[in-house]
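Visitor: File name data.txt; file contents compact mmCIF, C-alpha atoms; full text below.
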```txt
# COMPACT_ATOMS: atom_id res chain seq x y z
CA VAL A 1 5.49 -9.44 11.40
CA THR A 2 7.07 -6.42 13.01
CA THR A 3 8.48 -3.18 11.80
CA ARG A 4 10.38 -2.21 14.89
CA PRO A 5 13.67 -4.10 14.68
CA PRO A 6 15.07 -4.41 18.21
CA ALA A 7 18.51 -3.29 19.26
CA CYS A 8 20.55 -5.86 21.10
CA CYS A 9 23.91 -4.25 21.70
CA CYS A 10 25.33 -0.98 22.94
CA ARG A 11 26.23 0.58 19.60
CA PRO A 12 22.68 0.55 18.13
CA ILE A 13 21.47 2.19 21.36
CA THR A 14 24.19 4.83 20.99
CA VAL A 15 23.18 5.39 17.37
CA ALA A 16 19.53 5.76 18.33
CA LEU A 17 20.29 8.33 21.02
CA ALA A 18 22.61 10.20 18.70
CA SER A 19 20.00 10.36 15.95
CA LEU A 20 17.37 11.75 18.31
CA MET A 21 19.80 14.31 19.70
CA LEU A 22 20.86 15.39 16.20
CA ALA A 23 17.23 15.81 15.21
CA ALA A 24 16.83 18.20 18.12
CA ALA A 25 20.13 19.88 17.46
CA VAL A 26 19.40 20.82 13.86
CA SER A 27 15.69 21.50 14.13
CA THR A 28 15.01 23.26 17.43
CA PRO A 29 13.76 26.85 17.12
CA LEU A 30 16.37 29.44 17.95
CA SER A 31 13.81 31.14 20.18
CA PHE A 32 14.25 28.32 22.69
CA ALA A 33 17.96 29.01 22.88
CA GLY A 34 17.50 32.63 23.90
CA ALA A 35 20.28 33.70 21.54
CA ALA A 36 21.55 32.97 18.08
CA ALA A 37 23.67 29.85 17.74
CA ALA A 38 27.40 30.39 17.80
CA PRO A 39 29.30 29.63 14.58
CA LEU A 40 30.84 26.18 14.38
CA ALA A 41 34.27 26.23 15.96
CA ARG A 42 35.87 24.14 13.24
CA ALA A 43 33.95 25.29 10.21
CA SER A 44 36.81 24.26 7.94
CA ALA A 45 35.37 20.74 7.93
CA PRO A 46 33.06 20.64 4.88
CA ALA A 47 30.38 18.48 6.50
CA MET A 48 30.25 20.72 9.58
CA SER A 49 30.04 23.95 7.63
CA ALA A 50 27.12 22.53 5.64
CA LEU A 51 24.94 21.88 8.72
CA PRO A 52 23.49 25.41 9.13
CA GLU A 53 22.49 25.55 5.46
CA LEU A 54 21.04 22.03 5.65
CA SER A 55 18.95 23.02 8.68
CA LYS A 56 17.46 25.96 6.78
CA LYS A 57 16.59 23.73 3.84
CA LEU A 58 14.86 21.24 6.11
CA ASN A 59 12.70 23.98 7.58
CA PRO A 60 13.27 27.66 6.77
CA VAL A 61 11.54 28.70 10.00
CA LEU A 62 13.90 26.71 12.21
CA GLY A 63 17.58 27.40 12.46
CA TYR A 64 20.70 25.50 13.40
CA TRP A 65 21.05 25.01 17.16
CA ASP A 66 23.47 22.53 18.68
CA PRO A 67 23.46 23.16 22.47
CA LEU A 68 25.32 19.91 23.18
CA ASN A 69 27.92 20.55 20.47
CA LEU A 70 27.34 17.08 19.09
CA ALA A 71 28.83 17.99 15.74
CA GLU A 72 32.13 18.83 17.45
CA LEU A 73 32.49 15.78 19.70
CA ASN A 74 34.86 13.97 17.33
CA PHE A 75 33.37 10.49 17.83
CA TRP A 76 36.00 7.76 18.30
CA GLY A 77 38.68 10.25 17.26
CA ALA A 78 37.61 9.86 13.62
CA GLY A 79 37.46 13.59 12.89
CA ASP A 80 34.74 16.20 12.42
CA ASP A 81 33.47 15.10 9.02
CA ALA A 82 33.25 11.49 10.19
CA THR A 83 31.29 12.59 13.25
CA VAL A 84 28.80 14.58 11.19
CA GLY A 85 28.51 11.69 8.73
CA PHE A 86 27.74 9.31 11.60
CA LEU A 87 25.09 11.62 13.09
CA ARG A 88 23.42 12.34 9.76
CA HIS A 89 23.33 8.67 8.77
CA ALA A 90 21.98 7.74 12.21
CA GLU A 91 19.15 10.25 11.91
CA ILE A 92 18.22 9.15 8.39
CA LYS A 93 18.34 5.46 9.33
CA HIS A 94 16.27 5.85 12.47
CA GLY A 95 13.81 8.08 10.67
CA ARG A 96 13.29 5.31 8.13
CA VAL A 97 12.82 2.73 10.87
CA ALA A 98 10.37 5.04 12.65
CA MET A 99 8.32 5.56 9.48
CA ALA A 100 8.10 1.80 9.00
CA ALA A 101 7.29 1.38 12.69
CA PHE A 102 4.48 3.94 12.59
CA VAL A 103 2.82 2.29 9.60
CA GLY A 104 3.48 -1.15 11.09
CA TYR A 105 1.90 -0.17 14.40
CA CYS A 106 -1.28 0.87 12.57
CA VAL A 107 -1.32 -2.31 10.46
CA GLN A 108 -0.59 -4.67 13.35
CA SER A 109 -3.37 -3.06 15.37
CA ASN A 110 -5.98 -3.69 12.70
CA VAL A 111 -4.92 -6.54 10.41
CA HIS A 112 -4.93 -10.23 11.36
CA PHE A 113 -2.43 -12.29 9.38
CA PRO A 114 -3.69 -15.81 8.60
CA TRP A 115 -0.25 -17.47 8.62
CA ALA A 116 1.46 -19.19 11.53
CA PRO A 117 2.60 -18.08 14.02
CA PHE A 118 0.69 -14.82 13.54
CA ASN A 119 -2.71 -16.50 13.22
CA SER A 120 -2.62 -17.37 16.93
CA ILE A 121 -1.95 -13.76 18.00
CA PRO A 122 -5.03 -11.53 18.38
CA THR A 123 -5.15 -8.02 16.95
CA ASN A 124 -7.00 -6.44 19.87
CA ILE A 125 -3.76 -6.23 21.86
CA ALA A 126 -0.95 -3.72 21.52
CA PRO A 127 1.71 -4.45 18.88
CA ALA A 128 4.28 -4.60 21.68
CA GLU A 129 2.27 -7.43 23.24
CA GLN A 130 2.03 -9.11 19.83
CA TRP A 131 5.83 -9.04 19.65
CA ALA A 132 6.05 -10.53 23.16
CA GLN A 133 3.83 -13.44 22.08
CA LEU A 134 5.96 -14.32 19.05
CA PRO A 135 7.92 -17.57 19.36
CA GLU A 136 11.60 -17.15 20.07
CA ALA A 137 12.53 -18.59 16.66
CA ALA A 138 10.51 -15.88 14.93
CA LYS A 139 12.26 -13.18 16.94
CA TRP A 140 15.67 -14.59 16.02
CA GLN A 141 14.75 -14.55 12.34
CA ILE A 142 13.87 -10.87 12.55
CA ILE A 143 17.02 -10.01 14.51
CA LEU A 144 19.31 -11.91 12.14
CA PHE A 145 17.67 -10.33 9.08
CA VAL A 146 18.19 -6.85 10.53
CA GLY A 147 21.79 -7.81 11.31
CA PHE A 148 22.28 -8.88 7.69
CA LEU A 149 20.94 -5.53 6.45
CA GLU A 150 23.34 -3.71 8.78
CA VAL A 151 26.40 -5.65 7.59
CA TYR A 152 25.37 -5.37 3.93
CA SER A 153 24.91 -1.60 4.10
CA GLU A 154 28.08 -0.92 6.12
CA HIS A 155 30.61 -3.18 4.38
CA SER A 156 33.15 -1.33 2.23
CA PHE A 157 33.33 -4.24 -0.23
CA ILE A 158 29.64 -3.77 -1.08
CA LEU A 159 29.75 0.03 -1.06
CA GLU A 160 32.70 0.14 -3.42
CA LYS A 161 30.76 -1.86 -6.00
CA TYR A 162 28.40 1.12 -6.23
CA GLY A 163 31.17 3.71 -6.23
CA GLN A 164 30.43 4.73 -2.65
CA LYS A 165 32.36 5.05 0.58
CA HIS A 166 31.35 4.53 4.19
CA TYR A 167 29.44 7.52 5.55
CA MET A 168 32.23 8.14 8.08
CA LYS A 169 34.86 8.13 5.34
CA GLY A 170 33.39 10.69 2.97
CA GLY A 171 30.46 8.60 1.77
CA LYS A 172 26.86 9.65 1.35
CA PRO A 173 24.75 9.56 4.54
CA GLY A 174 21.61 7.51 4.05
CA PHE A 175 22.91 5.50 1.09
CA PHE A 176 21.73 1.89 1.03
CA PRO A 177 23.10 -0.38 -1.72
CA ASP A 178 20.85 -2.31 -4.06
CA PHE A 179 20.66 -6.10 -3.92
CA ASP A 180 21.84 -6.46 -7.51
CA THR A 181 25.25 -7.80 -6.48
CA MET A 182 23.81 -10.73 -4.54
CA VAL A 183 24.20 -14.28 -5.85
CA HIS A 184 20.51 -15.02 -5.30
CA PRO A 185 18.19 -12.78 -7.34
CA VAL A 186 16.09 -10.36 -5.25
CA PRO A 187 13.09 -8.85 -7.07
CA LEU A 188 12.85 -5.68 -4.97
CA ASN A 189 15.44 -3.44 -3.36
CA LEU A 190 15.02 -2.11 0.14
CA TRP A 191 15.48 1.47 -1.03
CA ASP A 192 13.34 2.65 -3.95
CA PRO A 193 11.90 -0.81 -4.76
CA LEU A 194 9.70 0.57 -7.55
CA LYS A 195 12.59 2.53 -9.15
CA ALA A 196 10.72 5.81 -8.75
CA TYR A 197 14.02 7.68 -8.47
CA LYS A 198 15.84 5.81 -11.23
CA GLY A 199 17.42 8.38 -13.52
CA ALA A 200 16.31 11.25 -11.26
CA SER A 201 18.44 14.38 -11.20
CA ALA A 202 20.72 15.12 -8.27
CA GLU A 203 18.45 18.03 -7.32
CA ARG A 204 15.38 15.81 -7.14
CA LYS A 205 17.21 13.24 -5.04
CA ALA A 206 18.46 15.92 -2.66
CA ASP A 207 14.95 17.34 -2.31
CA GLY A 208 13.58 13.85 -1.67
CA LEU A 209 16.13 13.28 1.09
CA LEU A 210 15.12 16.52 2.82
CA LYS A 211 11.49 15.40 2.79
CA GLU A 212 12.51 11.98 4.06
CA VAL A 213 14.43 13.47 6.99
CA ASN A 214 11.48 15.68 7.98
CA ASN A 215 9.03 12.79 7.69
CA GLY A 216 11.40 10.62 9.71
CA ARG A 217 11.59 13.18 12.50
CA LEU A 218 7.82 13.32 12.68
CA ALA A 219 7.61 9.52 12.62
CA MET A 220 10.06 9.25 15.54
CA ILE A 221 7.75 11.47 17.57
CA GLY A 222 4.72 9.50 16.35
CA ILE A 223 5.96 6.02 17.26
CA MET A 224 7.16 7.21 20.66
CA GLY A 225 3.68 8.68 21.17
CA PHE A 226 2.16 5.27 20.46
CA CYS A 227 4.54 3.59 22.91
CA ALA A 228 3.93 6.21 25.60
CA GLU A 229 0.13 6.01 25.39
CA ALA A 230 0.16 2.20 25.27
CA ARG A 231 2.26 2.02 28.45
CA VAL A 232 0.88 5.04 30.31
CA PRO A 233 -2.83 5.58 29.53
CA GLY A 234 -3.57 9.26 29.17
CA ALA A 235 0.00 10.23 28.28
CA VAL A 236 -1.17 11.16 24.77
CA PRO A 237 -4.90 11.99 24.99
CA ALA A 238 -5.33 11.98 21.21
CA LEU A 239 -4.37 8.27 21.19
CA SER A 240 -6.59 7.18 24.07
CA ASN A 241 -8.35 4.57 21.91
CA ILE A 242 -5.27 2.39 21.27
CA ALA A 243 -4.68 -0.89 23.12
CA HIS A 244 -2.66 -0.60 26.31
CA TYR A 245 0.45 -2.64 27.15
CA ALA A 246 1.38 -3.73 30.66
CA GLY A 247 4.94 -4.71 29.76
CA ASP A 248 8.00 -2.58 29.12
CA PRO A 249 8.21 -1.36 25.49
CA MET A 250 11.86 -0.46 26.09
CA ALA A 251 12.69 -4.08 26.97
CA PRO A 252 11.60 -5.98 23.85
CA PHE A 253 13.34 -9.21 24.93
CA ALA A 254 11.71 -9.50 28.33
CA ALA A 255 9.27 -12.23 27.27
CA ASN A 256 10.07 -15.57 25.66
CA PHE A 257 13.61 -14.74 24.63
CA HIS A 258 17.09 -15.64 25.74
CA LEU A 259 20.61 -15.85 24.37
CA PRO A 260 21.95 -19.37 23.85
CA GLY A 261 24.22 -20.36 26.70
CA PHE A 262 22.78 -17.80 29.11
CA ALA A 263 20.08 -18.20 31.71
CA SER A 264 16.66 -16.83 30.81
```
What is this structure when it is put down as structure tokens?
Guide:
Amino acid sequence: VTTRPPACCCRPITVALASLMLAAAVSTPLSFAGAAAAPLARASAPAMSALPELSKKLNPVLGYWDPLNLAELNFWGAGDDATVGFLRHAEIKHGRVAMAAFVGYCVQSNVHFPWAPFNSIPTNIAPAEQWAQLPEAAKWQIILFVGFLEVYSEHSFILEKYGQKHYMKGGKPGFFPDFDTMVHPVPLNLWDPLKAYKGASAERKADGLLKEVNNGRLAMIGIMGFCAEARVPGAVPALSNIAHYAGDPMAPFAANFHLPGFAS
């Protein structure tokens, strides 16, 4: 069981870096900049012009600051709105993964699952070491499941069934489709499995997304704190009681894993 789905190609790594940089860009105090942020150069793009207001809603004390001009980089030549949509969706997605990872790290450090292959893995070792001890077949199952979720949430055919577009084509950043369209019945959806937001007003949903983004930012810092302390004892003194890890948490495939047809 793991809650930190690994990235195995260049694009997920790019998305992860972009999400972290956007989190800094829209939440860093203006006092660090030394001067007020300059207005967006191409504010005619609706998604770009909404960023300063969004930053204030996320935290009224912190303003919009984009020292790297990420919002104006025009990723893949897709335009300004597509770039902002990509960055916003990346931050929301990685915030969700980080929240799951933070809770999963705590659970994996304290709960021993009685089912194979987890019953042979002790809980007094770091979750990163627990991942390293998983059989290769188990790792492939996790990777393929994450890949399925990616394809399902990005495919226009699925999104159109819910009246949505891709987040780089005017769609809603953070939207994840339900599993209602699948041939096999699925009892719970990945997003809002208990239907807590069913029938909620647009204002309540928007407020919930703001809270989710803030919680996700904090969770990204939290899970990186766990990884740092586990690898470098003393890096985060408040976490000095967690199990240490001698391997490389940034190389999740270093142990017991290889691609078919390639040398280990």
Visitor: Mind checking which residues fall within 10 Å of segment 176-183 of chain A, counting all atoms listed in the file, ignoring those fewer than 3 positions away in the same chain, and posting them as a ChimeraX atom specification?
Guide: /A:93,149-150,152-154,158-162,164,172-173,186-193
Visitor: Could you work out an axis-aligned box for segment 143-147 of chain A, taking every atom the file lists and adding 4 Å on each side, and report centre and edge lengths in Å to one decimal, as lines of an AutoDock Vina configuration file?
Guide:
```
center_x = 19.4
center_y = -9.4
center_z = 11.8
size_x = 12.8
size_y = 13.1
size_z = 13.4
```
Visitor: From the options A:Glu72, A:Lys139, A:Phe118, A:His112, which residue's atoms come nearest to Ser49 of chain A, counting all atoms listed in the file?
Guide: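 Using all atoms listed in the file, the shortest distance to Ser49 of chain A belongs to A:Glu72.
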Visitor: Which distance in Å separates atom CA of Asn214 of chain A and atom CA of Leu58 of chain A, to one decimal?
Guide: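 Value for the atom CA of Asn214 of chain A-atom CA of Leu58 of chain A distance: 6.8 Å.
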Visitor: Please measure the separation of atom CA of Gly77 of chain A and atom CA of Phe175 of chain A, giving the value in Å to one decimal.
Guide: 23.1 Å
Visitor: From the options A:Val232, A:Ala82, A:Ala138, A:Ala101, which residue's atoms come nearest to His244 of chain A, counting only C-alpha atoms?
Guide: A:Val232
Visitor: Pick from A:Leu51, A:Ala251, A:Ala100, A:Ala126: nearest to Leu87 of chain A, with all atoms listed in the file counted?
Guide: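 Nearest to Leu87 of chain A: A:Leu51.
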Visitor: To one decimal place in Å, what is the distance between atom CA of Gly222 of chain A and atom CA of Phe102 of chain A?
Guide: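 Interatomic distance here is 6.7 Å.
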Visitor: Find the residue from A:Ala238, A:Met99, A:Val111, A:Val84 that sits nearest to Ile125 of chain A; use all atoms listed in the file when measuring.
Guide: A:Val111
Visitor: Could you check which of A:Ile121, A:Phe86, A:Gly63, A:Pro237 is closest to Gln133 of chain A, using all atoms listed in the file?
Guide: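 Looking only at the distances to Gln133 of chain A, the closest residue turns out to be A:Ile121.
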Visitor: Using only C-alpha atoms, determine which residues lie at most 10 Å from Lys211 of chain A, disregarding the query and same-chain residues fewer than 5 positions distant; provide the list as JSON, numbers by chain.
Guide: {"A": [57, 58, 59, 205, 206, 216, 217]}
Visitor: Of the candidates A:Cys227, A:Ala246, A:Met220, A:Val213, which one gets nearest to His89 of chain A if we count all atoms listed in the file?
Guide: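 Smallest separation from His89 of chain A among the options: A:Val213.
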Visitor: For Arg231 of chain A, find every residue with an atom within 6 Å (counting all atoms listed in the file), except residues of its own chain fewer than 2 positions away, and show them as a count of residues only.
Guide: 4
